[in-house]
Amino acid sequence: MATNTSLYKMNHTMLRVKDPKRSVEYYQNNFGMKLIRKLDFEESKFSLYFLAFDSPGAESAGRQWTDREGILELTHNHGTENDENYKVNTGNVEPHRGFGHICISVDHLEKACEKLESNNVPFQKRPSDGHMKHIAFVLDPDGYWIEIVGQKQSDSASASTNLDVYHFSHTMLRVKDVEKSMQFYRSVLGMSLLRTCELPEARFNVYFLGYAREGEERDYRGEENPLLDREGVVELTWNYGTEKEEGFKYHNGNEQPQGFGHLCISVDDLDAACARFEDLNINWKKRLTDGKMKNVAFILDPDNYWIEVIQNESIKSRVSW
């Protein structure tokens, strides 16, 4: 059986956390995410917490976790919560920049930020800071950046924010050579370029990619953001000139110091998808046959970021997660 990339999903983004209780409560209380799955690997001494928006109106509400987009996986290595010296790499401090942020879209930017402020959530950037008034950045318990963008604005003083309509919009990664990265995400992973934002004055561009949906405009370049009400998007940020710097590389989050772990796609047929990757001569981190876990594979993108590949269990049953 051949694999069909149109059935792939940008399933989740993995971040390592120090204290899972604190982190899970943070995402639940401040953004309304729900813990939809927990996997414990006692022998290997780590646990995985899968959080997603799951209200009745959420994009993937009620679906089996491998059949979703917009999941946040928090990985806890047992004992870190009691280690005074444990600290993650957020990806935004030199010389370990790479992963940038996750982004949550909200119904009303100012009201959402007011709620976060009242919950004593620390801000990296408020809407009133700098020139970009349409975004904010807050910090999670480990210092990871979370971009906040508004789906719509309201002039009503009585307007409030509704957590039930929030979305896990995208994950941002910095890339060295945008042509190589675009070739990988489009031709290898089968994603479509959904939106481009060119910012020559600031000397960087951003490219939004995902698995295209019926009727969705491709490579949108207008001022409005058409992707705020959908999930499963990857934002690639390219700073001009990095592709020409010999020896330049971004930190992939898995070398020390660790933080961001990987993106994950779920596929229609895991064996067929991996056979296709093999034919494309991609770089492997882990083949299905490597190690004890025979139901996951990891491939590497041009910047050495890890991409996990798993079976969409709603299409073809393979393992009981």
# chains A, B, ... in the order shown; residues from 1 in each chain; ligands from 1

call {"tool": "closest_atom_pairs", "arguments": {"of": "segment 223-267 of chain A", "to": "segment 9-19 of chain A", "cutoff": "8 Å", "atoms": "only C-alpha atoms", "output": "JSON lines"}}
result
{"residue": "A:Gly232", "atom": "CA", "partner": "A:Met10", "partner_atom": "CA", "distance": 4.9}
{"residue": "A:Val233", "atom": "CA", "partner": "A:Met10", "partner_atom": "CA", "distance": 7.1}
{"residue": "A:Gln258", "atom": "CA", "partner": "A:Arg16", "partner_atom": "CA", "distance": 7.7}
{"residue": "A:Gly259", "atom": "CA", "partner": "A:Arg16", "partner_atom": "CA", "distance": 5.3}
{"residue": "A:Phe260", "atom": "CA", "partner": "A:Leu15", "partner_atom": "CA", "distance": 4.5}
{"residue": "A:Gly261", "atom": "CA", "partner": "A:Met14", "partner_atom": "CA", "distance": 5.2}
{"residue": "A:His262", "atom": "CA", "partner": "A:Met14", "partner_atom": "CA", "distance": 5.3}
{"residue": "A:Leu263", "atom": "CA", "partner": "A:Thr13", "partner_atom": "CA", "distance": 4.7}
{"residue": "A:Cys264", "atom": "CA", "partner": "A:His12", "partner_atom": "CA", "distance": 5.1}
{"residue": "A:Ile265", "atom": "CA", "partner": "A:Met10", "partner_atom": "CA", "distance": 4.6}
{"residue": "A:Ser266", "atom": "CA", "partner": "A:Lys9", "partner_atom": "CA", "distance": 5.3}
{"residue": "A:Val267", "atom": "CA", "partner": "A:Lys9", "partner_atom": "CA", "distance": 6.7}

call {"tool": "residues_around", "arguments": {"residues": "segment 287-298 of chain A", "least_positions_apart": "2", "cutoff": "6 Å", "atoms": "only C-alpha atoms", "output": "MDAnalysis selection string"}}
result
chainID A and resid 285 307:310

call {"tool": "select_by_dssp", "arguments": {"residues": "segment 150-244 of chain A", "states": "alpha helix (DSSP H)", "output": "list in words"}}
result
Val178, Glu179, Lys180, Ser181, Met182 and Gln183 of chain A

call {"tool": "write_last_selection", "arguments": {"atoms": "all heavy atoms", "output": "PDB file, in the first residue's frame"}}
result
ATOM      1  N   VAL A 178      16.191  28.656   4.138  1.00  0.00           N
ATOM      2  CA  VAL A 178      14.750  28.508   3.940  1.00  0.00           C
ATOM      3  C   VAL A 178      14.424  27.657   2.720  1.00  0.00           C
ATOM      4  O   VAL A 178      13.423  26.931   2.721  1.00  0.00           O
ATOM      5  CB  VAL A 178      14.070  29.889   3.870  1.00  0.00           C
ATOM      6  CG1 VAL A 178      14.418  30.627   2.584  1.00  0.00           C
ATOM      7  CG2 VAL A 178      12.570  29.747   4.015  1.00  0.00           C
ATOM      8  N   GLU A 179      15.257  27.702   1.688  1.00  0.00           N
ATOM      9  CA  GLU A 179      14.971  26.891   0.500  1.00  0.00           C
ATOM     10  C   GLU A 179      15.055  25.404   0.828  1.00  0.00           C
ATOM     11  O   GLU A 179      14.212  24.612   0.395  1.00  0.00           O
ATOM     12  CB  GLU A 179      15.929  27.258  -0.635  1.00  0.00           C
ATOM     13  CG  GLU A 179      15.679  28.647  -1.209  1.00  0.00           C
ATOM     14  CD  GLU A 179      16.516  28.917  -2.443  1.00  0.00           C
ATOM     15  OE1 GLU A 179      17.207  27.984  -2.919  1.00  0.00           O
ATOM     16  OE2 GLU A 179      16.480  30.053  -2.938  1.00  0.00           O
ATOM     17  N   LYS A 180      16.070  25.006   1.573  1.00  0.00           N
ATOM     18  CA  LYS A 180      16.204  23.604   1.965  1.00  0.00           C
ATOM     19  C   LYS A 180      15.057  23.182   2.878  1.00  0.00           C
ATOM     20  O   LYS A 180      14.513  22.078   2.745  1.00  0.00           O
ATOM     21  CB  LYS A 180      17.538  23.370   2.662  1.00  0.00           C
ATOM     22  CG  LYS A 180      18.741  23.467   1.749  1.00  0.00           C
ATOM     23  CD  LYS A 180      20.028  23.195   2.510  1.00  0.00           C
ATOM     24  CE  LYS A 180      21.236  23.269   1.586  1.00  0.00           C
ATOM     25  NZ  LYS A 180      22.510  23.028   2.327  1.00  0.00           N
ATOM     26  N   SER A 181      14.690  24.069   3.810  1.00  0.00           N
ATOM     27  CA  SER A 181      13.613  23.738   4.745  1.00  0.00           C
ATOM     28  C   SER A 181      12.270  23.634   4.039  1.00  0.00           C
ATOM     29  O   SER A 181      11.479  22.725   4.308  1.00  0.00           O
ATOM     30  CB  SER A 181      13.547  24.779   5.869  1.00  0.00           C
ATOM     31  OG  SER A 181      14.708  24.716   6.670  1.00  0.00           O
ATOM     32  N   MET A 182      12.004  24.562   3.129  1.00  0.00           N
ATOM     33  CA  MET A 182      10.743  24.515   2.402  1.00  0.00           C
ATOM     34  C   MET A 182      10.657  23.254   1.549  1.00  0.00           C
ATOM     35  O   MET A 182       9.599  22.633   1.439  1.00  0.00           O
ATOM     36  CB  MET A 182      10.608  25.757   1.523  1.00  0.00           C
ATOM     37  CG  MET A 182      10.464  27.044   2.314  1.00  0.00           C
ATOM     38  SD  MET A 182       8.872  27.177   3.146  1.00  0.00           S
ATOM     39  CE  MET A 182       7.879  27.672   1.772  1.00  0.00           C
ATOM     40  N   GLN A 183      11.761  22.859   0.949  1.00  0.00           N
ATOM     41  CA  GLN A 183      11.788  21.635   0.157  1.00  0.00           C
ATOM     42  C   GLN A 183      11.444  20.434   1.029  1.00  0.00           C
ATOM     43  O   GLN A 183      10.650  19.558   0.647  1.00  0.00           O
ATOM     44  CB  GLN A 183      13.181  21.459  -0.460  1.00  0.00           C
ATOM     45  CG  GLN A 183      13.425  20.118  -1.140  1.00  0.00           C
ATOM     46  CD  GLN A 183      12.688  19.967  -2.456  1.00  0.00           C
ATOM     47  OE1 GLN A 183      12.192  20.953  -2.995  1.00  0.00           O
ATOM     48  NE2 GLN A 183      12.621  18.746  -2.969  1.00  0.00           N
TER      49      GLN A 183
END

call {"tool": "residues_around", "arguments": {"residues": "segment 88-99 of chain A", "least_positions_apart": "5", "cutoff": "9 Å", "atoms": "only C-alpha atoms", "output": "ChimeraX atom specification"}}
result
/A:16-18,142-145,171-175,249-253,256-260,303,305

call {"tool": "write_last_selection", "arguments": {"atoms": "C-alpha atoms", "output": "mmCIF file, in the first residue's frame"}}
result
data_model
loop_
_atom_site.group_PDB
_atom_site.id
_atom_site.type_symbol
_atom_site.label_atom_id
_atom_site.label_comp_id
_atom_site.auth_asym_id
_atom_site.auth_seq_id
_atom_site.Cartn_x
_atom_site.Cartn_y
_atom_site.Cartn_z
ATOM 1 C CA ARG A 16 10.295 18.912 28.158
ATOM 2 C CA VAL A 17 9.087 20.220 31.511
ATOM 3 C CA LYS A 18 10.506 20.248 35.017
ATOM 4 C CA ASP A 142 9.604 26.589 32.388
ATOM 5 C CA GLY A 143 10.073 29.892 30.568
ATOM 6 C CA TYR A 144 8.885 28.712 27.138
ATOM 7 C CA TRP A 145 7.426 31.548 25.080
ATOM 8 C CA THR A 171 4.830 26.133 16.500
ATOM 9 C CA MET A 172 7.727 28.352 15.434
ATOM 10 C CA LEU A 173 11.169 27.032 14.477
ATOM 11 C CA ARG A 174 14.101 29.082 13.217
ATOM 12 C CA VAL A 175 15.728 27.716 10.059
ATOM 13 C CA LYS A 249 23.514 26.186 13.039
ATOM 14 C CA TYR A 250 20.504 26.338 15.307
ATOM 15 C CA HIS A 251 20.139 24.298 18.473
ATOM 16 C CA ASN A 252 17.692 21.428 17.929
ATOM 17 C CA GLY A 253 16.579 21.169 21.561
ATOM 18 C CA GLN A 256 22.428 19.723 25.779
ATOM 19 C CA PRO A 257 20.915 21.898 27.144
ATOM 20 C CA GLN A 258 17.610 20.239 26.250
ATOM 21 C CA GLY A 259 14.147 21.760 25.926
ATOM 22 C CA PHE A 260 12.010 21.471 22.791
ATOM 23 C CA ASP A 303 18.331 21.941 10.720
ATOM 24 C CA TYR A 305 15.100 19.175 14.285
#

call {"tool": "residues_around", "arguments": {"residues": "segment 134-136 of chain A", "least_positions_apart": "4", "cutoff": "12 Å", "atoms": "only C-alpha atoms", "output": "PyMOL selection string"}}
result
chain A and resi 101-106+108-114+116-117+122-130+145-153+223-225

call {"tool": "select_by_dssp", "arguments": {"residues": "segment 34-199 of chain A", "states": "strand (DSSP E or B)", "output": "VMD selection string"}}
result
chain A and resid 34 to 41 46 to 52 71 to 77 89 99 to 106 123 to 125 135 to 139 145 to 150 167 to 175 192 to 199

call {"tool": "closest_residue", "arguments": {"among": "A:Ala212, A:Leu280, A:Leu139, A:Ala275", "to": "Ser187 of chain A", "atoms": "only C-alpha atoms"}}
result
A:Leu280

call {"tool": "closest_residue", "arguments": {"among": "A:Leu48, A:Leu35, A:Leu270, A:Met132", "to": "Arg318 of chain A", "atoms": "only C-alpha atoms"}}
result
A:Leu270

call {"tool": "closest_residue", "arguments": {"among": "A:Glu43, A:Glu198, A:Glu216, A:Asp140", "to": "Arg230 of chain A", "atoms": "only C-alpha atoms"}}
result
A:Glu216

call {"tool": "residues_around", "arguments": {"residues": "Phe50 of chain A", "least_positions_apart": "4", "cutoff": "6 Å", "atoms": "only C-alpha atoms", "output": "mmCIF file with N, CA and C atoms, in the first residue's frame"}}
result
data_model
loop_
_atom_site.group_PDB
_atom_site.id
_atom_site.type_symbol
_atom_site.label_atom_id
_atom_site.label_comp_id
_atom_site.auth_asym_id
_atom_site.auth_seq_id
_atom_site.Cartn_x
_atom_site.Cartn_y
_atom_site.Cartn_z
ATOM 1 N N LEU A 35 -6.188 17.593 29.535
ATOM 2 C CA LEU A 35 -5.313 16.429 29.459
ATOM 3 C C LEU A 35 -6.108 15.299 28.822
ATOM 4 N N ILE A 36 -5.778 14.964 27.567
ATOM 5 C CA ILE A 36 -6.560 13.959 26.843
ATOM 6 C C ILE A 36 -5.899 12.580 26.863
ATOM 7 N N ARG A 37 -4.619 12.512 27.229
ATOM 8 C CA ARG A 37 -3.927 11.218 27.279
ATOM 9 C C ARG A 37 -2.668 11.352 28.125
ATOM 10 N N LEU A 72 -0.317 19.451 22.413
ATOM 11 C CA LEU A 72 0.927 19.801 23.089
ATOM 12 C C LEU A 72 1.325 18.619 23.965
ATOM 13 N N GLU A 73 2.486 18.054 23.696
ATOM 14 C CA GLU A 73 3.002 16.952 24.511
ATOM 15 C C GLU A 73 4.038 17.494 25.489
#

call {"tool": "atom_distance", "arguments": {"atom1": "atom CA of Val206 of chain A", "atom2": "atom CA of Thr237 of chain A"}}
result
4.5 Å

call {"tool": "residues_around", "arguments": {"residues": "Glu245 of chain A", "least_positions_apart": "5", "cutoff": "12 Å", "atoms": "only C-alpha atoms", "output": "ChimeraX atom specification"}}
result
/A:176-177,239-240,250

call {"tool": "residues_around", "arguments": {"residues": "segment 76-79 of chain A", "least_positions_apart": "4", "cutoff": "6 Å", "atoms": "only C-alpha atoms", "output": "list in words"}}
result
Val17, Lys45, Phe46 and Ser47 of chain A

call {"tool": "write_last_selection", "arguments": {"atoms": "N, CA and C atoms", "output": "mmCIF file, in the first residue's frame"}}
result
data_model
loop_
_atom_site.group_PDB
_atom_site.id
_atom_site.type_symbol
_atom_site.label_atom_id
_atom_site.label_comp_id
_atom_site.auth_asym_id
_atom_site.auth_seq_id
_atom_site.Cartn_x
_atom_site.Cartn_y
_atom_site.Cartn_z
ATOM 1 N N VAL A 17 9.466 19.366 30.390
ATOM 2 C CA VAL A 17 9.087 20.220 31.511
ATOM 3 C C VAL A 17 9.710 19.696 32.796
ATOM 4 N N LYS A 45 11.607 5.621 33.058
ATOM 5 C CA LYS A 45 11.497 6.737 33.996
ATOM 6 C C LYS A 45 11.127 8.059 33.319
ATOM 7 N N PHE A 46 10.098 8.008 32.471
ATOM 8 C CA PHE A 46 9.548 9.259 31.953
ATOM 9 C C PHE A 46 8.062 9.077 31.688
ATOM 10 N N SER A 47 7.346 10.203 31.655
ATOM 11 C CA SER A 47 5.910 10.208 31.392
ATOM 12 C C SER A 47 5.596 11.282 30.365
#

call {"tool": "closest_residue", "arguments": {"among": "A:Leu193, A:Arg186, A:Trp238, A:Lys38", "to": "Tyr220 of chain A", "atoms": "only C-alpha atoms"}}
result
A:Leu193

call {"tool": "atom_distance", "arguments": {"atom1": "atom CA of Pro141 of chain A", "atom2": "atom CA of Val121 of chain A"}}
result
8.9 Å
